[in-house]
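> Data file run.txt (compact mmCIF, C-alpha atoms) is appended below.
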```txt
# COMPACT_ATOMS: atom_id res chain seq x y z
CA MET Q 1 -37.28 37.79 -26.35
CA LYS Q 2 -36.86 36.87 -22.70
CA HIS Q 3 -40.13 38.69 -21.81
CA ILE Q 4 -42.27 36.63 -24.19
CA PRO Q 5 -42.90 33.78 -21.67
CA LEU Q 6 -43.93 36.33 -19.03
CA LEU Q 7 -46.27 38.12 -21.43
CA PHE Q 8 -47.76 34.79 -22.52
CA ALA Q 9 -48.33 33.78 -18.89
CA LEU Q 10 -50.03 37.10 -18.14
CA ALA Q 11 -52.23 36.79 -21.23
CA VAL Q 12 -53.29 33.26 -20.29
CA ALA Q 13 -53.95 34.26 -16.69
CA GLY Q 14 -56.05 37.19 -17.89
CA CYS Q 15 -58.20 34.89 -20.01
CA GLY Q 16 -59.46 33.11 -16.91
CA THR Q 17 -60.67 36.35 -15.32
CA GLN Q 18 -64.21 37.22 -16.26
CA VAL Q 19 -65.07 40.93 -16.04
CA PRO Q 20 -68.85 41.47 -16.04
CA LEU Q 21 -70.26 43.61 -18.83
CA TRP Q 22 -70.88 47.20 -17.74
CA THR Q 23 -74.61 47.10 -18.41
CA LYS Q 24 -76.97 49.78 -17.13
CA ASP Q 25 -78.18 47.54 -14.28
CA TYR Q 26 -74.68 46.39 -13.31
CA ALA Q 27 -73.39 49.98 -13.38
CA ALA Q 28 -76.24 51.16 -11.14
CA GLN Q 29 -75.52 48.33 -8.69
CA ALA Q 30 -71.79 49.15 -8.61
CA THR Q 31 -72.07 52.94 -8.37
CA THR Q 32 -75.04 53.52 -6.04
CA ARG Q 33 -75.54 52.91 -2.33
CA HIS Q 34 -78.51 53.61 -0.06
CA TYR Q 35 -77.85 54.71 3.52
CA ALA Q 36 -81.12 54.55 5.48
CA ASP Q 37 -79.94 56.65 8.43
CA VAL Q 38 -77.15 58.81 6.95
CA PRO Q 39 -78.07 62.32 5.78
CA PRO Q 40 -76.52 63.53 2.50
CA ALA Q 41 -74.04 65.92 4.16
CA LYS Q 42 -72.65 63.15 6.39
CA ALA Q 43 -72.39 60.76 3.42
CA LEU Q 44 -70.46 63.34 1.37
CA ALA Q 45 -68.13 64.07 4.32
CA ALA Q 46 -67.37 60.34 4.60
CA ALA Q 47 -66.66 60.15 0.86
CA GLU Q 48 -64.27 63.08 1.13
CA GLU Q 49 -62.44 61.36 4.00
CA VAL Q 50 -62.03 58.21 1.87
CA VAL Q 51 -60.12 60.18 -0.77
CA ARG Q 52 -58.17 62.33 1.68
CA LEU Q 53 -56.73 59.18 3.28
CA THR Q 54 -55.08 58.21 -0.03
CA ALA Q 55 -52.80 61.20 -0.52
CA PRO Q 56 -51.21 64.26 1.08
CA ALA Q 57 -53.58 67.25 1.42
CA ARG Q 58 -51.80 69.09 -1.43
CA ASP Q 59 -52.77 66.27 -3.82
CA VAL Q 60 -56.51 66.36 -3.08
CA SER Q 61 -58.96 69.08 -4.06
CA VAL Q 62 -62.65 69.25 -3.27
CA LYS Q 63 -65.29 71.27 -5.06
CA ALA Q 64 -68.93 71.43 -4.01
CA THR Q 65 -71.46 70.81 -6.76
CA PRO Q 66 -75.27 71.04 -6.69
CA GLY Q 67 -76.27 68.01 -4.64
CA GLY Q 68 -72.76 66.62 -4.31
CA VAL Q 69 -69.05 67.05 -4.58
CA ASP Q 70 -66.16 66.57 -7.04
CA ILE Q 71 -63.01 65.26 -5.40
CA ASP Q 72 -59.76 65.13 -7.38
CA ARG Q 73 -56.75 63.09 -6.30
CA TYR Q 74 -53.57 63.86 -8.19
CA PHE Q 75 -50.69 61.45 -8.59
CA ASN Q 76 -47.33 62.59 -9.96
CA GLY Q 77 -44.63 59.98 -10.26
CA PHE Q 78 -42.88 57.40 -12.34
CA ILE Q 79 -44.49 54.26 -13.70
CA HIS Q 80 -42.36 51.92 -15.78
CA MET Q 81 -39.75 54.64 -16.38
CA HIS Q 82 -42.43 57.12 -17.50
CA SER Q 83 -43.07 60.44 -15.78
CA VAL Q 84 -46.83 60.60 -15.36
CA THR Q 85 -49.49 62.84 -13.91
CA ILE Q 86 -52.84 61.29 -13.17
CA ASP Q 87 -56.03 63.03 -12.11
CA TYR Q 88 -58.51 60.66 -10.49
CA ARG Q 89 -61.90 62.36 -10.17
CA PHE Q 90 -64.57 61.09 -7.81
CA THR Q 91 -67.93 62.71 -8.56
CA LEU Q 92 -70.53 62.08 -5.90
CA THR Q 93 -74.15 63.05 -5.52
CA ALA Q 94 -76.15 62.47 -2.37
CA THR Q 95 -79.90 62.84 -2.53
CA PRO Q 96 -82.26 62.64 0.44
CA ALA Q 97 -84.11 59.34 0.73
CA GLY Q 98 -86.42 59.30 3.75
CA ARG Q 99 -84.23 59.85 6.83
CA GLY Q 100 -81.15 58.81 4.86
CA SER Q 101 -79.62 59.30 1.45
CA THR Q 102 -78.84 57.70 -1.86
CA VAL Q 103 -75.22 58.16 -2.93
CA THR Q 104 -74.07 57.84 -6.52
CA LEU Q 105 -70.39 57.74 -7.44
CA ALA Q 106 -68.64 58.16 -10.79
CA ILE Q 107 -64.88 57.65 -11.08
CA ARG Q 108 -62.83 59.02 -13.98
CA SER Q 109 -59.12 59.06 -14.67
CA ASN Q 110 -56.99 61.23 -16.89
CA ALA Q 111 -53.34 60.21 -17.21
CA GLN Q 112 -50.63 62.10 -19.06
CA ASP Q 113 -47.26 60.55 -19.93
CA PHE Q 114 -44.68 63.33 -19.97
CA SER Q 115 -41.88 60.99 -21.06
CA ALA Q 116 -43.49 60.32 -24.42
CA PRO Q 117 -42.41 62.27 -27.52
CA ASP Q 118 -45.91 63.77 -27.65
CA ALA Q 119 -46.62 64.93 -24.08
CA MET Q 120 -50.36 64.77 -24.66
CA THR Q 121 -50.31 61.00 -25.19
CA GLY Q 122 -52.45 59.28 -22.58
CA LEU Q 123 -50.99 56.42 -20.56
CA GLU Q 124 -53.22 53.51 -19.62
CA LEU Q 125 -52.37 52.15 -16.21
CA SER Q 126 -54.78 49.34 -15.55
CA PRO Q 127 -56.09 47.49 -18.57
CA LEU Q 128 -59.57 47.91 -17.10
CA LEU Q 129 -59.25 51.67 -16.44
CA ALA Q 130 -58.38 53.58 -19.59
CA ASN Q 131 -58.48 57.37 -19.56
CA GLY Q 132 -62.11 58.17 -18.94
CA PRO Q 133 -64.81 56.62 -16.77
CA ALA Q 134 -64.08 53.55 -14.68
CA THR Q 135 -66.33 50.83 -16.10
CA VAL Q 136 -65.36 48.01 -13.80
CA ALA Q 137 -66.79 47.54 -10.29
CA ASP Q 138 -63.54 47.05 -8.35
CA PRO Q 139 -62.67 50.68 -7.51
CA TYR Q 140 -66.32 51.30 -6.58
CA LYS Q 141 -66.33 48.25 -4.29
CA LEU Q 142 -63.25 49.52 -2.48
CA PHE Q 143 -64.55 53.10 -2.27
CA PHE Q 144 -67.89 52.04 -0.77
CA ALA Q 145 -66.29 49.49 1.58
CA ARG Q 146 -64.14 52.29 2.99
CA MET Q 147 -67.08 54.69 3.12
CA ASP Q 148 -69.12 52.03 4.96
CA TYR Q 149 -66.32 51.72 7.53
CA ILE Q 150 -66.19 55.49 8.10
CA LEU Q 151 -69.98 55.56 8.52
CA GLY Q 152 -69.88 52.65 11.00
CA LYS Q 153 -71.60 50.22 8.62
CA ARG Q 154 -68.58 47.93 8.37
CA THR Q 155 -66.19 46.74 11.08
CA ASP Q 156 -63.03 46.33 8.99
CA TRP Q 157 -61.02 48.84 6.97
CA VAL Q 158 -60.15 47.40 3.54
CA SER Q 159 -56.58 48.26 2.50
CA CYS Q 160 -55.30 48.17 -1.06
CA THR Q 161 -53.34 45.04 -0.17
CA SER Q 162 -56.32 43.19 1.28
CA ALA Q 163 -58.91 44.32 -1.33
CA PRO Q 164 -58.32 41.40 -3.74
CA THR Q 165 -58.97 38.88 -0.96
CA VAL Q 166 -61.66 40.72 1.00
CA LEU Q 167 -63.65 42.13 -1.92
CA GLY Q 168 -62.67 39.81 -4.75
CA ALA Q 169 -61.27 42.85 -6.51
CA SER Q 170 -58.80 42.67 -9.38
CA ILE Q 171 -55.91 44.93 -10.33
CA ALA Q 172 -58.22 47.82 -11.25
CA LEU Q 173 -57.86 49.67 -7.95
CA ASP Q 174 -55.76 52.53 -9.35
CA PRO Q 175 -58.03 55.44 -8.31
CA LEU Q 176 -57.57 54.65 -4.62
CA CYS Q 177 -54.32 52.68 -4.68
CA GLN Q 178 -51.95 53.99 -7.40
CA GLY Q 179 -49.17 55.75 -5.50
CA ALA Q 180 -51.51 56.02 -2.53
CA GLU Q 181 -50.50 56.34 1.09
CA ASP Q 182 -53.21 53.75 1.87
CA ARG Q 183 -53.77 55.17 5.34
CA ALA Q 184 -56.60 53.95 7.54
CA PRO Q 185 -58.70 56.37 9.56
CA ALA Q 186 -58.31 56.58 13.32
CA ALA Q 187 -59.67 53.55 15.13
CA ARG Q 188 -63.41 53.61 15.79
CA ARG Q 189 -64.64 53.58 19.40
```
Just dump the structure as structure tokens.

Amino acid sequence: MKHIPLLFALAVAGCGTQVPLWTKDYAAQATTRHYADVPPAKALAAAEEVVRLTAPARDVSVKATPGGVDIDRYFNGFIHMHSVTIDYRFTLTATPAGRGSTVTLAIRSNAQDFSAPDAMTGLELSPLLANGPATVADPYKLFFARMDYILGKRTDWVSCTSAPTVLGASIALDPLCQGAEDRAPAARR
């Protein structure tokens, strides 16, 4: 009973937040970036560095794909007294575009709650990121802001803590922030 006022307050606060519909045009805008002077290999290396900065090396795996890369970041831990394993997959393609490249990103999550009676029951972490594809722009905004920094296109590194203020992002930053080390790369010269 004592949690009802808190739940009501969260529900009311959530009503004021407008999440844009994940239309084809909005999705393309959120998931694609053009880098006029960055070749595909350099763009993919920057993307890999973005993910590697979130977790220890043992929790990140990289697999080359035709024209891109699949990067998995694993999180094992406890969330709300539940033992969970989460696989965040970042699928990137980089295609040549003149002297640069066009980069497309897809983010998926797969969470397993091993505290549940049925161990195969999925656990939703962020209300905007159910198991499956991320269909909200926030994790893409953070990913590309960090990639832009690594490529020298941005002067500030956006941390998980500063993302809501700097990017206008919401709570749906799980792929890069859930249990993340949130390290910044070495200072640029």
> Would you kindly return, as a count of residues only, each protein, DNA or RNA residue with an atom no farther than 7 Å from any atom of stretch 99-112 of chain Q, considering only C-alpha atoms and excluding same-chain residues fewer than 3 positions away?
31
> Using only C-alpha atoms, which residue out of Q:Val60, Q:Ala97, Q:Leu44, Q:Ile150 lies closest to Q:Ala187?
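Going through Q:Val60, Q:Ala97, Q:Leu44, Q:Ile150 one by one, the smallest distance to Q:Ala187 is for Q:Ile150.
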> What's the 7 Å shell around stretch 154-171 of chain Q, counting all atoms listed in the file, without same-chain residues fewer than 3 positions away, as a ChimeraX atom specification?
/Q:126,138,142,145-146,148-149,177,182,184
> For the atom pair atom CA of Q:Val136 and atom CA of Q:Ala180, what is the interatomic distance in Å to one decimal place?
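Computed distance, atom CA of Q:Val136 to atom CA of Q:Ala180, equals 19.6 Å.
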> What gap, in Å, lies between atom CA of Q:Gly67 and atom CA of Q:Ala45?
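Taking atom CA of Q:Gly67 and atom CA of Q:Ala45, their separation equals 12.7 Å.
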> How many Å lie between atom CA of Q:Phe144 and atom CA of Q:Arg58, rounded to one decimal?
23.5 Å
> Using the file's own x, y and z axes, so that the box edges lie along x, y and z, what centre and edge lengths in Å (one decimal) does a box around every listed atom of stretch 133-151 of chain Q get when 5 Å is added on each side? Give it as lines of an AutoDock Vina configuration file.

```
center_x = -66.3
center_y = 51.8
center_z = -4.1
size_x = 17.3
size_y = 19.6
size_z = 35.3
```
> Using all atoms listed in the file, determine which residues lie at most 9 Å from Q:Gly179, disregarding the query and same-chain residues fewer than 6 positions distant; provide the list as a ChimeraX atom specification.
/Q:54-55,75-77
